[in-house]
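Next comes structure17.txt, with compact mmCIF, C-alpha atoms and all ligand atoms.
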# COMPACT_ATOMS: atom_id res chain seq x y z
CA MET A 745 133.04 70.74 173.67
CA GLU A 746 130.20 71.91 175.93
CA LYS A 747 129.94 70.56 179.47
CA LEU A 748 126.96 68.24 179.83
CA ILE A 749 125.25 66.15 182.50
CA LEU A 750 122.74 63.61 181.19
CA ASP A 751 119.97 62.58 183.58
CA THR A 752 118.63 59.19 182.50
CA ASP A 753 116.36 56.28 183.43
CA ILE A 754 118.37 54.32 180.91
CA GLY A 755 116.22 52.19 178.69
CA VAL A 756 116.80 51.53 175.01
CA ASP A 757 116.30 54.99 173.49
CA ASP A 758 118.20 56.47 176.44
CA ALA A 759 121.13 54.25 175.43
CA VAL A 760 121.23 55.97 172.04
CA ALA A 761 121.28 59.35 173.80
CA VAL A 762 123.97 58.19 176.24
CA ARG A 763 126.23 57.27 173.30
CA TYR A 764 125.41 60.37 171.24
CA ALA A 765 126.15 62.58 174.25
CA MET A 766 129.58 61.08 174.96
CA LEU A 767 130.57 61.48 171.32
CA THR A 768 129.64 65.14 171.15
CA HIS A 769 130.00 66.67 174.63
CA ASP A 770 132.39 67.09 177.50
CA MET A 771 130.52 64.68 179.76
CA LEU A 772 130.72 65.57 183.43
CA GLY A 773 128.57 62.63 184.44
CA TYR A 774 125.45 60.56 183.97
CA THR A 775 122.86 61.00 186.71
CA CYS A 776 120.37 58.18 187.07
CA SER A 777 116.69 58.09 187.90
CA TYR A 778 113.89 55.55 188.21
CA GLY A 779 111.50 55.45 185.22
CA ASN A 780 111.91 52.86 182.48
CA VAL A 781 113.78 50.84 185.13
CA ALA A 782 114.44 51.05 188.86
CA VAL A 783 117.18 53.54 189.72
CA GLU A 784 119.52 50.71 190.78
CA THR A 785 119.16 49.16 187.32
CA ALA A 786 119.71 52.54 185.68
CA VAL A 787 123.04 52.88 187.53
CA LYS A 788 124.09 49.36 186.49
CA ASN A 789 123.11 50.06 182.87
CA CYS A 790 125.10 53.29 182.74
CA LYS A 791 128.12 51.52 184.20
CA LEU A 792 127.74 48.82 181.55
CA ALA A 793 127.61 51.44 178.80
CA MET A 794 130.77 53.14 180.17
CA ASP A 795 132.51 49.76 180.20
CA VAL A 796 131.47 48.87 176.67
CA TYR A 797 132.55 52.25 175.29
CA LYS A 798 135.69 52.36 177.49
CA LYS A 799 134.73 55.70 179.00
CA ASP A 800 135.63 56.81 182.48
CA ILE A 801 132.64 59.11 182.95
CA PRO A 802 131.18 58.99 186.48
CA VAL A 803 127.69 57.62 187.13
CA TYR A 804 125.46 58.93 189.93
CA ARG A 805 122.34 57.59 191.59
CA GLY A 806 119.27 59.78 192.06
CA ALA A 807 115.62 59.42 192.99
CA SER A 808 114.05 56.01 193.37
CA ARG A 809 110.47 57.34 193.25
CA PRO A 810 108.39 60.40 192.40
CA LEU A 811 108.18 63.41 194.74
CA SER A 812 104.76 62.70 196.17
CA ARG A 813 103.00 59.78 194.52
CA PRO A 814 103.57 56.04 194.17
CA PRO A 815 105.82 54.98 191.29
CA MET A 816 104.27 53.72 188.04
CA PRO A 817 104.95 50.23 186.68
CA LEU A 818 108.31 49.87 184.87
CA SER A 819 108.40 49.69 181.04
CA THR A 820 109.68 46.12 180.87
CA HIS A 821 107.45 45.16 177.93
CA ILE A 822 109.26 47.64 175.65
CA HIS A 823 112.75 47.97 177.15
CA GLY A 824 113.08 44.45 178.64
CA LYS A 825 113.40 43.51 182.32
CA ASP A 826 116.85 45.09 182.52
CA GLY A 827 115.89 48.15 180.44
CA LEU A 828 118.48 47.26 177.82
CA GLY A 829 116.68 44.56 175.89
CA GLU A 830 117.80 41.61 178.06
CA TYR A 831 120.90 41.10 175.94
CA TYR A 832 123.81 41.55 178.35
CA GLU A 833 124.63 39.86 181.65
CA ASN A 834 125.16 42.91 183.79
CA HIS A 835 127.61 42.25 186.65
CA PHE A 836 127.99 45.85 187.73
CA ASP A 837 126.75 47.00 191.12
CA SER A 838 124.36 49.85 191.79
CA ASP A 839 126.62 51.76 194.20
CA ALA A 840 126.97 55.40 193.26
CA SER A 841 127.15 58.84 194.85
CA ASN A 842 124.19 61.20 195.09
CA ALA A 843 123.03 62.45 191.69
CA VAL A 844 121.14 65.49 192.98
CA SER A 845 124.15 66.75 194.97
CA PHE A 846 126.34 66.19 191.91
CA ILE A 847 124.12 68.34 189.68
CA ILE A 848 124.24 71.17 192.23
CA GLU A 849 128.00 70.85 192.85
CA GLN A 850 128.83 70.96 189.14
CA ALA A 851 126.51 73.91 188.52
CA LYS A 852 128.29 75.79 191.33
CA LYS A 853 131.74 74.73 190.20
CA TYR A 854 131.20 75.91 186.60
CA PRO A 855 128.58 78.68 186.83
CA GLY A 856 126.92 79.38 183.47
CA GLU A 857 128.82 76.55 181.76
CA VAL A 858 126.94 73.35 182.53
CA THR A 859 124.02 72.07 180.48
CA LEU A 860 121.72 69.43 181.93
CA ALA A 861 119.77 67.17 179.58
CA THR A 862 116.99 65.17 181.20
CA ILE A 863 115.62 62.09 179.46
CA GLY A 864 113.60 60.53 182.27
CA PRO A 865 111.17 61.75 184.94
CA LEU A 866 111.99 65.22 186.25
CA THR A 867 112.33 64.17 189.90
CA ASN A 868 116.11 64.64 190.20
CA LEU A 869 115.91 68.13 188.73
CA ALA A 870 112.98 69.10 190.95
CA LEU A 871 114.92 67.91 194.01
CA ALA A 872 117.97 69.87 192.89
CA LEU A 873 115.80 72.99 192.47
CA ASN A 874 114.34 72.54 195.93
CA LEU A 875 117.79 72.16 197.47
CA CYS A 876 119.39 74.93 195.45
CA PRO A 877 116.92 77.68 194.45
CA GLN A 878 119.70 79.57 192.63
CA LEU A 879 120.12 76.65 190.19
CA PRO A 880 118.34 78.53 187.34
CA LYS A 881 121.10 81.17 187.45
CA LEU A 882 123.89 78.61 187.61
CA LEU A 883 122.98 76.22 184.78
CA LYS A 884 123.68 77.25 181.20
CA LYS A 885 120.69 75.38 179.82
CA VAL A 886 118.32 72.52 180.58
CA VAL A 887 116.93 70.42 177.73
CA SER A 888 114.19 67.99 178.69
CA MET A 889 112.59 65.23 176.67
CA GLY A 890 109.02 65.06 177.85
CA GLY A 891 105.42 66.04 177.34
CA ALA A 892 103.10 66.22 174.35
CA PHE A 893 101.27 69.25 173.00
CA GLY A 894 99.03 67.75 170.33
CA THR A 895 100.87 68.83 167.17
CA ASP A 896 99.75 66.52 164.33
CA GLY A 897 97.94 64.38 166.89
CA HIS A 898 100.98 63.69 169.11
CA SER A 899 99.21 64.09 172.41
CA GLY A 900 100.39 61.26 174.67
CA ASN A 901 101.93 57.81 174.78
CA MET A 902 100.73 56.66 178.21
CA THR A 903 97.24 58.15 178.23
CA GLN A 904 95.49 60.14 175.53
CA PHE A 905 96.95 63.20 177.29
CA ALA A 906 100.18 62.24 178.98
CA GLU A 907 103.70 61.31 177.97
CA PHE A 908 105.76 58.80 180.00
CA ASN A 909 108.45 61.03 181.57
CA ILE A 910 105.95 63.64 182.70
CA LEU A 911 103.32 61.15 183.88
CA ASN A 912 105.91 59.47 186.08
CA ASP A 913 106.13 62.61 188.20
CA PRO A 914 103.76 65.40 187.14
CA GLU A 915 104.39 67.37 190.36
CA ALA A 916 108.14 67.42 189.67
CA ALA A 917 107.57 68.43 186.05
CA ASP A 918 105.24 71.26 187.05
CA LEU A 919 107.79 72.53 189.55
CA VAL A 920 110.43 72.57 186.80
CA PHE A 921 108.08 74.29 184.33
CA ALA A 922 107.19 76.94 186.91
CA SER A 923 110.86 77.70 187.60
CA ASP A 924 113.18 80.21 185.95
CA LEU A 925 115.42 77.47 184.58
CA PRO A 926 116.69 78.20 181.04
CA LEU A 927 114.54 75.31 179.83
CA VAL A 928 113.98 73.79 176.39
CA VAL A 929 111.28 71.11 176.17
CA VAL A 930 111.52 68.43 173.47
CA PRO A 931 108.10 66.72 173.45
CA LEU A 932 106.53 63.85 171.51
CA ASP A 933 105.40 66.44 168.94
CA VAL A 934 108.93 66.22 167.54
CA THR A 935 110.34 62.96 168.94
CA HIS A 936 107.56 60.82 167.46
CA LYS A 937 108.57 62.07 164.02
CA VAL A 938 112.20 60.95 164.05
CA LEU A 939 112.06 57.20 163.54
CA ILE A 940 115.03 54.98 162.83
CA THR A 941 114.71 51.52 161.32
CA ASP A 942 116.45 48.28 162.25
CA SER A 943 118.62 48.45 159.13
CA GLU A 944 119.68 52.02 159.90
CA ILE A 945 120.74 50.96 163.38
CA ALA A 946 122.59 47.96 161.94
CA ALA A 947 124.37 50.25 159.47
CA THR A 948 125.96 52.23 162.32
CA LYS A 949 127.89 49.05 163.27
CA ASP A 950 127.62 50.18 166.88
CA GLU A 951 127.48 46.71 168.43
CA PHE A 952 126.10 47.87 171.78
CA LEU A 953 123.22 49.79 170.20
CA VAL A 954 122.50 46.99 167.74
CA ASN A 955 122.30 44.50 170.63
CA VAL A 956 120.24 46.55 173.07
CA THR A 957 117.69 47.68 170.45
CA LYS A 958 116.80 44.12 169.30
CA PHE A 959 114.14 43.56 171.99
CA TYR A 960 112.53 46.95 171.36
CA LEU A 961 112.49 46.41 167.60
CA ASP A 962 110.92 42.96 168.05
CA PHE A 963 108.18 44.70 170.03
CA THR A 964 107.49 47.33 167.38
CA ARG A 965 107.69 44.76 164.59
CA LYS A 966 105.13 42.54 166.34
CA TYR A 967 102.73 45.09 167.73
CA GLU A 968 103.19 48.16 165.57
CA HIS A 969 104.06 46.38 162.31
CA PHE A 970 107.08 48.63 161.86
CA ALA A 971 110.68 47.55 162.45
CA GLY A 972 111.90 50.79 163.89
CA MET A 973 111.79 53.09 166.86
CA ALA A 974 111.48 56.68 167.90
CA VAL A 975 114.75 57.88 169.39
CA HIS A 976 113.00 60.30 171.74
CA ASP A 977 115.84 60.91 174.16
CA ALA A 978 118.58 61.35 171.58
CA LEU A 979 116.79 64.46 170.34
CA THR A 980 117.86 66.37 173.46
CA VAL A 981 121.47 65.92 172.34
CA SER A 982 120.52 66.70 168.75
CA TYR A 983 118.83 69.94 169.86
CA LEU A 984 121.98 71.03 171.68
CA LEU A 985 124.06 70.42 168.56
CA HIS A 986 121.62 71.79 165.97
CA PRO A 987 119.05 74.09 167.62
CA GLU A 988 118.38 75.80 164.30
CA LYS A 989 116.90 72.55 162.95
CA TYR A 990 114.01 72.76 165.44
CA GLN A 991 110.99 75.04 165.16
CA THR A 992 110.32 76.50 168.58
CA ILE A 993 108.03 78.89 170.38
CA GLU A 994 108.54 80.77 173.63
CA THR A 995 105.71 79.99 176.01
CA PRO A 996 104.79 79.46 179.64
CA LEU A 997 104.16 75.81 180.50
CA ALA A 998 102.29 73.85 183.15
CA VAL A 999 101.39 70.26 183.98
CA SER A 1000 98.03 68.84 184.99
CA CYS A 1001 98.52 66.90 188.21
CA SER A 1002 95.19 65.11 188.64
CA GLY A 1003 92.07 63.71 187.05
CA ILE A 1004 91.63 62.45 183.53
CA THR A 1005 94.34 64.80 182.24
CA ASP A 1006 96.89 63.76 184.88
CA GLY A 1007 100.37 64.30 183.40
CA GLN A 1008 99.20 66.42 180.47
CA THR A 1009 101.57 69.22 179.50
CA LEU A 1010 99.83 72.53 178.89
CA ARG A 1011 100.50 75.86 177.22
CA PRO A 1012 98.19 78.81 176.55
CA THR A 1013 96.61 78.49 173.12
CA THR A 1014 94.28 81.49 173.16
CA ASP A 1015 94.89 85.24 173.20
CA TYR A 1016 91.46 85.80 174.69
CA ALA A 1017 91.78 87.97 177.81
CA VAL A 1018 90.52 85.45 180.34
CA PRO A 1019 89.76 86.76 183.84
CA PHE A 1020 91.69 83.93 185.52
CA ASP A 1021 95.05 83.60 183.80
CA LYS A 1022 96.42 80.21 184.79
CA PHE A 1023 99.84 81.06 183.35
CA LYS A 1024 100.21 84.38 185.18
CA ASP A 1025 103.61 84.55 186.90
CA ARG A 1026 104.93 81.59 184.90
CA PRO A 1027 108.14 82.28 182.95
CA LYS A 1028 108.42 81.49 179.27
CA HIS A 1029 110.40 78.48 178.12
CA THR A 1030 111.46 77.24 174.70
CA LEU A 1031 109.14 74.55 173.33
CA CYS A 1032 110.03 72.50 170.24
CA LEU A 1033 107.05 71.90 167.97
CA GLY A 1034 108.71 71.15 164.65
CA VAL A 1035 111.85 69.44 163.44
CA ASP A 1036 113.91 68.95 160.29
CA ILE A 1037 113.43 65.18 160.39
CA ASP A 1038 115.91 64.16 157.68
CA PHE A 1039 118.72 66.36 158.92
CA VAL A 1040 118.33 65.40 162.57
CA LYS A 1041 118.17 61.72 161.78
CA GLN A 1042 121.08 61.67 159.33
CA SER A 1043 123.40 63.78 161.48
CA MET A 1044 122.75 61.50 164.45
CA LEU A 1045 123.29 58.30 162.44
CA ASP A 1046 126.50 59.73 160.90
CA CYS A 1047 127.84 60.55 164.34
CA LEU A 1048 126.99 57.11 165.76
CA THR A 1049 128.55 55.43 162.71
CA LYS A 1050 131.83 57.37 162.95
CA GLY A 1051 131.92 56.64 166.66
C1 LIG B 1 110.18 58.66 177.00
O1 LIG B 1 109.66 57.55 177.75
C2 LIG B 1 110.66 56.60 177.94
O2 LIG B 1 110.16 55.29 177.88
C3 LIG B 1 111.71 56.88 176.90
O3 LIG B 1 112.98 56.47 177.35
C4 LIG B 1 111.63 58.36 176.73
O4 LIG B 1 112.45 59.04 177.66
C5 LIG B 1 109.32 58.85 175.78
O5 LIG B 1 108.00 59.12 176.15
CA CA B 2 114.18 57.90 178.94

Output the file's structure in the form of structure tokens.
Ligand code: BDR
Ligand code: CA
Amino acid sequence: MEKLILDTDIGVDDAVAVRYAMLTHDMLGYTCSYGNVAVETAVKNCKLAMDVYKKDIPVYRGASRPLSRPPMPLSTHIHGKDGLGEYYENHFDSDASNAVSFIIEQAKKYPGEVTLATIGPLTNLALALNLCPQLPKLLKKVVSMGGAFGTDGHSGNMTQFAEFNILNDPEAADLVFASDLPLVVVPLDVTHKVLITDSEIAATKDEFLVNVTKFYLDFTRKYEHFAGMAVHDALTVSYLLHPEKYQTIETPLAVSCSGITDGQTLRPTTDYAVPFDKFKDRPKHTLCLGVDIDFVKQSMLDCLTKG
């Protein structure tokens, strides 16, 4: 199994990714971030998940706010006040060692072997890059759920332009995109296409996931007239297992950090020889723009069902 660190602001779809990751990878640890919930809550939620699944995987605590701007409101209306659908009484504490140091330590301990999947704001990774500029040479791969590039109209879920994880800390995301990290971006263009229904979740018989998704599914049933959810974050794990099921391009990336397009993820879409090339000096990364929906969904559900 491949060594993996999962960086999460654990809300409901993160919980699916947390489970999928522990079933399919050699988990070195879960590093927590603010985002859907406060970082303290994210630590507590990860500890709860480890307890439920009887896993002894360490949990670390990272950034409590973006690099240089005030934090956005939490996503309590979708994920519940506790981020996990307000189902469990969570008695765990939020004590944990430093997530950013952990990412760097593990990358140095196992050079070229560790993959980092990020499923929240990119603040922890940006901090790790700032502290350890050689990180791009040490990590095997980074797979990040975030952004939206407009394929089939999937252009944003927080504004018409911006996706949640990127909008939480556009400066951090731009720093990551500008780096030489071996980065794969999994944006809304693909994650909005892989929807699972309440009955499909129930069929997995994974009690924890059934319980924590109830609140989210009530929300989509009421406001979106669809009893199901996009499992955005789980697609990072799916990509690592089945990269051939994703259609990708190699492209430089950037993030708008102000104005009406604040948080918008950008790539060059013209070959026209412009005099001011905004992507000059930016490395290419792998960007997912298409996905084999049925395969990705079924393989994930099969894995969760087998447990
Ligand atoms: C992302 O936003 C969060 O609310 C989800 O957990 C996911 O990481 C999707 O835009
Ligand atoms: Ca998330």

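In terms of minimum interatomic distance to ligand CA 2 (chain B), A:Ala786 ranks closest within A:Ile940, A:Ile993, A:Val928, A:Ala786, counting only C-alpha atoms and all ligand atoms.
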
By how many Å are atom CA of Lys825 of chain A and atom CA of Gly864 of chain A apart?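 Atom CA of Lys825 of chain A sits 17.0 Å away from atom CA of Gly864 of chain A.
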
Quick one: residues within 9 Å of ligand LIG 1 (chain B), with all atoms listed in the file, as a PyMOL selection string? chain A and resi 752-759+779-780+819+822-823+862-865+889-892+900-902+906-910+931-932+935-936+974-978

Residues of the last selection are to be written out with C-alpha atoms, as an mmCIF file, keeping the file's coordinate frame.
data_model
loop_
_atom_site.group_PDB
_atom_site.id
_atom_site.type_symbol
_atom_site.label_atom_id
_atom_site.label_comp_id
_atom_site.auth_asym_id
_atom_site.auth_seq_id
_atom_site.Cartn_x
_atom_site.Cartn_y
_atom_site.Cartn_z
ATOM 1 C CA THR A 752 118.630 59.190 182.500
ATOM 2 C CA ASP A 753 116.360 56.280 183.430
ATOM 3 C CA ILE A 754 118.370 54.320 180.910
ATOM 4 C CA GLY A 755 116.220 52.190 178.690
ATOM 5 C CA VAL A 756 116.800 51.530 175.010
ATOM 6 C CA ASP A 757 116.300 54.990 173.490
ATOM 7 C CA ASP A 758 118.200 56.470 176.440
ATOM 8 C CA ALA A 759 121.130 54.250 175.430
ATOM 9 C CA GLY A 779 111.500 55.450 185.220
ATOM 10 C CA ASN A 780 111.910 52.860 182.480
ATOM 11 C CA SER A 819 108.400 49.690 181.040
ATOM 12 C CA ILE A 822 109.260 47.640 175.650
ATOM 13 C CA HIS A 823 112.750 47.970 177.150
ATOM 14 C CA THR A 862 116.990 65.170 181.200
ATOM 15 C CA ILE A 863 115.620 62.090 179.460
ATOM 16 C CA GLY A 864 113.600 60.530 182.270
ATOM 17 C CA PRO A 865 111.170 61.750 184.940
ATOM 18 C CA MET A 889 112.590 65.230 176.670
ATOM 19 C CA GLY A 890 109.020 65.060 177.850
ATOM 20 C CA GLY A 891 105.420 66.040 177.340
ATOM 21 C CA ALA A 892 103.100 66.220 174.350
ATOM 22 C CA GLY A 900 100.390 61.260 174.670
ATOM 23 C CA ASN A 901 101.930 57.810 174.780
ATOM 24 C CA MET A 902 100.730 56.660 178.210
ATOM 25 C CA ALA A 906 100.180 62.240 178.980
ATOM 26 C CA GLU A 907 103.700 61.310 177.970
ATOM 27 C CA PHE A 908 105.760 58.800 180.000
ATOM 28 C CA ASN A 909 108.450 61.030 181.570
ATOM 29 C CA ILE A 910 105.950 63.640 182.700
ATOM 30 C CA PRO A 931 108.100 66.720 173.450
ATOM 31 C CA LEU A 932 106.530 63.850 171.510
ATOM 32 C CA THR A 935 110.340 62.960 168.940
ATOM 33 C CA HIS A 936 107.560 60.820 167.460
ATOM 34 C CA ALA A 974 111.480 56.680 167.900
ATOM 35 C CA VAL A 975 114.750 57.880 169.390
ATOM 36 C CA HIS A 976 113.000 60.300 171.740
ATOM 37 C CA ASP A 977 115.840 60.910 174.160
ATOM 38 C CA ALA A 978 118.580 61.350 171.580
#

Exercise: Met794 of chain A partners within 10 Å, all atoms listed in the file, chain neighbours under 6 positions left out, as number ranges by chain: A: 762-763, 766, 774, 788, 800-803

Residues at most 9 Å from Arg809 of chain A, counting only C-alpha atoms, excluding those fewer than 4 positions away in the same chain, as a PyMOL selection string? chain A and resi 777-779+782-783+813-816+867+912-913

Point-to-point distance from atom CA of Cys1001 of chain A to atom CA of Ala922 of chain A, Å rounded to tenths: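 It comes out at 13.3 Å.
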